[in-house]
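What follows is a set of notes on a single structure, which appears directly below.
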Amino acid sequence: MYILDKLYIGANRIYHGGFALVKALVHWRHPALVAGPGSVGRIPFLLQSAGRKHPMIVTDPYLRQALAPRLTDLLEQAGIEYTVFSDVQPNPTSANCEACRDAYRAAGCDCFIGLGGGAPMDTAKAAACLLVRPGKTVAQLNGILRVWKKLPVLIAVPTTAGTGSETTIAAVIVDEKTRHKAAIMDPVLMPRYAVLDPELTVGLPPAVTASTGMDALVHALEAYFSRSNNTKETKKLAEDAVCIIFRYLERAWQDGSDIEAREQMQLAAYKAGFAFSRVGVGNVHAIAHTLGGLYNTPHGLANAVILPYVLRDYGSVIHKRLGRLAELTGVLSGGTDEDRANAMIRQIELMNERMGIPKGFDFIRDEDVEQMITWAMHEANPVYPVPQVFTREHFRQVIEQLRL
């Protein structure tokens, strides 16, 4: 088994090296960024600039009542017709996306506005993919570079600070039949515009602030540890995001009306999102997606709980980089790389504890563990350029640590 594992890991590394060369040839663009308090008021102008006349607003039932009127009032004042699709679930399904596509066609829409967390934005992205790839299912589009057609204009308006979907090339969707959660990944999914208005996040429940903020931290860290095509830009974006999160997340969690903290957290999520779009995520996400698919666990919460376990498991292979982050964030400046790395992991655990994030889950069923391992293996290997390739038994060990 030892020899087979070595061969398996080696094959993954060969793939990572080849894929890094492919990614280096891809044109990576940023969405046009509109940021700051009140920036949602710029959306009518953005639509007019893009020559769009009938957007579909994709959101969830709660936000349709709580925040969508701020946007729809602006559109009505500008004389812009719109349609609202608000049947998005916390972990959007293939059926959600198909219904969104059908509603878009029926209403004669010509662009999307994703209003909410990752779920509405990912639903809009996936629906757009289905529109330009008629006859294809979400499952058939899952994976890398399977769309390859220009999508309708998407304006991404995050109301949380975590997913980074406003600046990513991915849409993560649950298959309605199998409950498998997987991603469509293609540069064409990058939104045209990202509107970061911190006023839309004021009053976000503390638990959501905590889990989405830790989601952004996972994005930054997994991008930072990537072994594939990590550039000076992506490293700097990841470092900036981590430092911002350590400074402002708990402020935003403690006081929902702290505009500065809210604005900074949106910026951190944006930076982390672009970094991981360019260089990939890792084993934390591979495991988290299994929890979202099987148990509808919120993605940010799953990531937050899993993160310390995976970081400790990586061990010495991340000590140098994690130690640098400990210095940059002020967690610890002395000692060895290992000392600083362990201090950083401990600080992440303490952040989770202070914000009420649990250490594990009590709902993972015995009969689901093998399926979780299979899905995590299929997602992570060989696509994710992780610092340490996990074998089947390795995934099992981490998943068992999560069970309370």
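Identifiers in this document derive from the order of the structure tokens: chains are assigned A, B, ..., residues are numbered from 1 separately in each chain, and ligands are numbered from 1 in order of occurrence.
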
Requested in this report: From a DSSP calculation on the backbone, collect every residue of region 144-224 of chain A in strand (DSSP E or B) and output the set as number ranges by chain.
Outcome: A: 144, 153-158, 170-174, 181-185, 193-196

List every residue of region 204-262 of chain A that has an atom at most 10 Å from any atom of region 30-54 of chain A, giving for each one its closest atom pair and the distance in Å to one decimal, counting only C-alpha atoms, sorted by chain and then by ascending residue number, as a tab-separated table.
```
residue	atom	partner	partner_atom	distance
A:Ile259	CA	A:Pro37	CA	8.2
A:Glu260	CA	A:Pro37	CA	9.7
A:Arg262	CA	A:Pro37	CA	10.0
```

Report task. Excluding region 126-143 of chain A and any residue of its chain fewer than 5 positions from it, enumerate the residues within 7 Å of it, using only C-alpha atoms, and give them as a PyMOL selection string. Result -> chain A and resi 94+97-98+100-101+149+151-152+171+175+182-185

Query raised in the report: Near Val218 (chain A), within 10 Å and counting only C-alpha atoms, which residues show up once chain neighbours fewer than 6 positions away are dropped, as a list in words?
Result: Gly162, Thr163, Thr212, Tyr224, Ala238, Val242, Ala272, Phe276, Val281, Gly282, Val284, His285, Gly300, Asn303, Ala304, Ile306, Leu307 and Pro308 of chain A

Residues from last step as file, C-alpha atoms, as a PDB file, in the first residue's frame:
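result_28.pdb, written as the output of this step:
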```pdb
ATOM      1  CA  GLY A 162     -16.779  35.420   2.665  1.00  0.00           C
ATOM      2  CA  THR A 163     -17.513  33.436  -0.471  1.00  0.00           C
ATOM      3  CA  THR A 212     -18.546  33.649   6.108  1.00  0.00           C
ATOM      4  CA  TYR A 224      -1.400  30.806  -0.229  1.00  0.00           C
ATOM      5  CA  ALA A 238      -3.742  36.127   0.062  1.00  0.00           C
ATOM      6  CA  VAL A 242      -5.423  37.101   5.996  1.00  0.00           C
ATOM      7  CA  ALA A 272      -9.088  35.962  -1.319  1.00  0.00           C
ATOM      8  CA  PHE A 276      -7.992  31.137  -5.115  1.00  0.00           C
ATOM      9  CA  VAL A 281      -8.264  25.666  -3.173  1.00  0.00           C
ATOM     10  CA  GLY A 282      -7.526  22.445  -1.305  1.00  0.00           C
ATOM     11  CA  VAL A 284     -10.557  21.771   3.340  1.00  0.00           C
ATOM     12  CA  HIS A 285     -12.951  22.514   0.487  1.00  0.00           C
ATOM     13  CA  GLY A 300     -18.561  28.728   5.519  1.00  0.00           C
ATOM     14  CA  ASN A 303     -14.801  25.291   6.153  1.00  0.00           C
ATOM     15  CA  ALA A 304     -14.299  27.007   9.509  1.00  0.00           C
ATOM     16  CA  ILE A 306     -12.383  21.728   9.144  1.00  0.00           C
ATOM     17  CA  LEU A 307      -9.596  24.301   8.704  1.00  0.00           C
ATOM     18  CA  PRO A 308      -7.549  23.733  11.915  1.00  0.00           C
TER      19      PRO A 308
END
```

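Excluding Leu328 (chain A) and any residue on its chain fewer than 2 positions from it, the residues at most 12 Å away by only C-alpha atoms are Lys236, Ala238, Glu239, Asp240, Ala241, Val242, Cys243, Ile244, Ile245, Phe246, Arg247, Arg321, Leu322, Gly323, Arg324, Leu325, Ala326, Gly330, Val331, Leu332, Ser333, Gly334, Arg340, Ala341 and Met344 of chain A.
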
**Report entry** Separation of CA of Pro385 (chain A) from CA of Ala269 (chain A) in Å
**Finding:** 20.8 Å

Report task. Skip Gly315 (chain A) itself and residues of its chain fewer than 2 positions away, then list as a list in words all residues within 10 Å of it, counting only C-alpha atoms. Result -> Val310, Leu311, Arg312, Asp313, Val317, Ile318, His319, Glu338, Ala341, Asn342, Pro387 and Gln388 of chain A

Mind writing the picked residues with N, CA and C atoms as a compact mmCIF listing (two decimals), in the first residue's frame?
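Once written, selection_2.txt looks like this:
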```txt
# COMPACT_ATOMS: atom_id res chain seq x y z
N VAL A 310 -7.03 20.31 9.12
CA VAL A 310 -6.22 20.12 7.92
C VAL A 310 -4.88 20.84 8.05
N LEU A 311 -4.87 22.03 8.63
CA LEU A 311 -3.61 22.76 8.81
C LEU A 311 -2.65 21.97 9.69
N ARG A 312 -3.15 21.42 10.78
CA ARG A 312 -2.27 20.61 11.65
C ARG A 312 -1.79 19.37 10.91
N ASP A 313 -2.64 18.80 10.10
CA ASP A 313 -2.27 17.58 9.40
C ASP A 313 -1.19 17.84 8.35
N VAL A 317 5.18 20.87 6.00
CA VAL A 317 5.19 21.36 4.62
C VAL A 317 4.63 22.78 4.51
N ILE A 318 3.88 23.24 5.52
CA ILE A 318 3.36 24.61 5.47
C ILE A 318 3.94 25.49 6.58
N HIS A 319 4.86 24.97 7.38
CA HIS A 319 5.36 25.74 8.52
C HIS A 319 5.97 27.08 8.10
N GLU A 338 8.10 26.47 12.95
CA GLU A 338 7.11 25.58 13.56
C GLU A 338 6.38 26.26 14.71
N ALA A 341 3.98 28.75 13.18
CA ALA A 341 2.87 28.07 12.51
C ALA A 341 1.87 27.52 13.52
N ASN A 342 2.37 26.89 14.58
CA ASN A 342 1.48 26.35 15.60
C ASN A 342 0.72 27.46 16.32
N PRO A 387 -0.64 21.35 -0.70
CA PRO A 387 0.73 21.14 -0.20
C PRO A 387 1.00 19.69 0.15
N GLN A 388 -0.06 18.94 0.46
CA GLN A 388 0.10 17.51 0.75
C GLN A 388 -1.08 16.76 0.15
```

Report task. Write out as a ChimeraX atom specification all residues of region 275-312 of chain A that DSSP puts in alpha helix (DSSP H) for this structure's backbone. Result -> /A:275-279,283-295,299-312
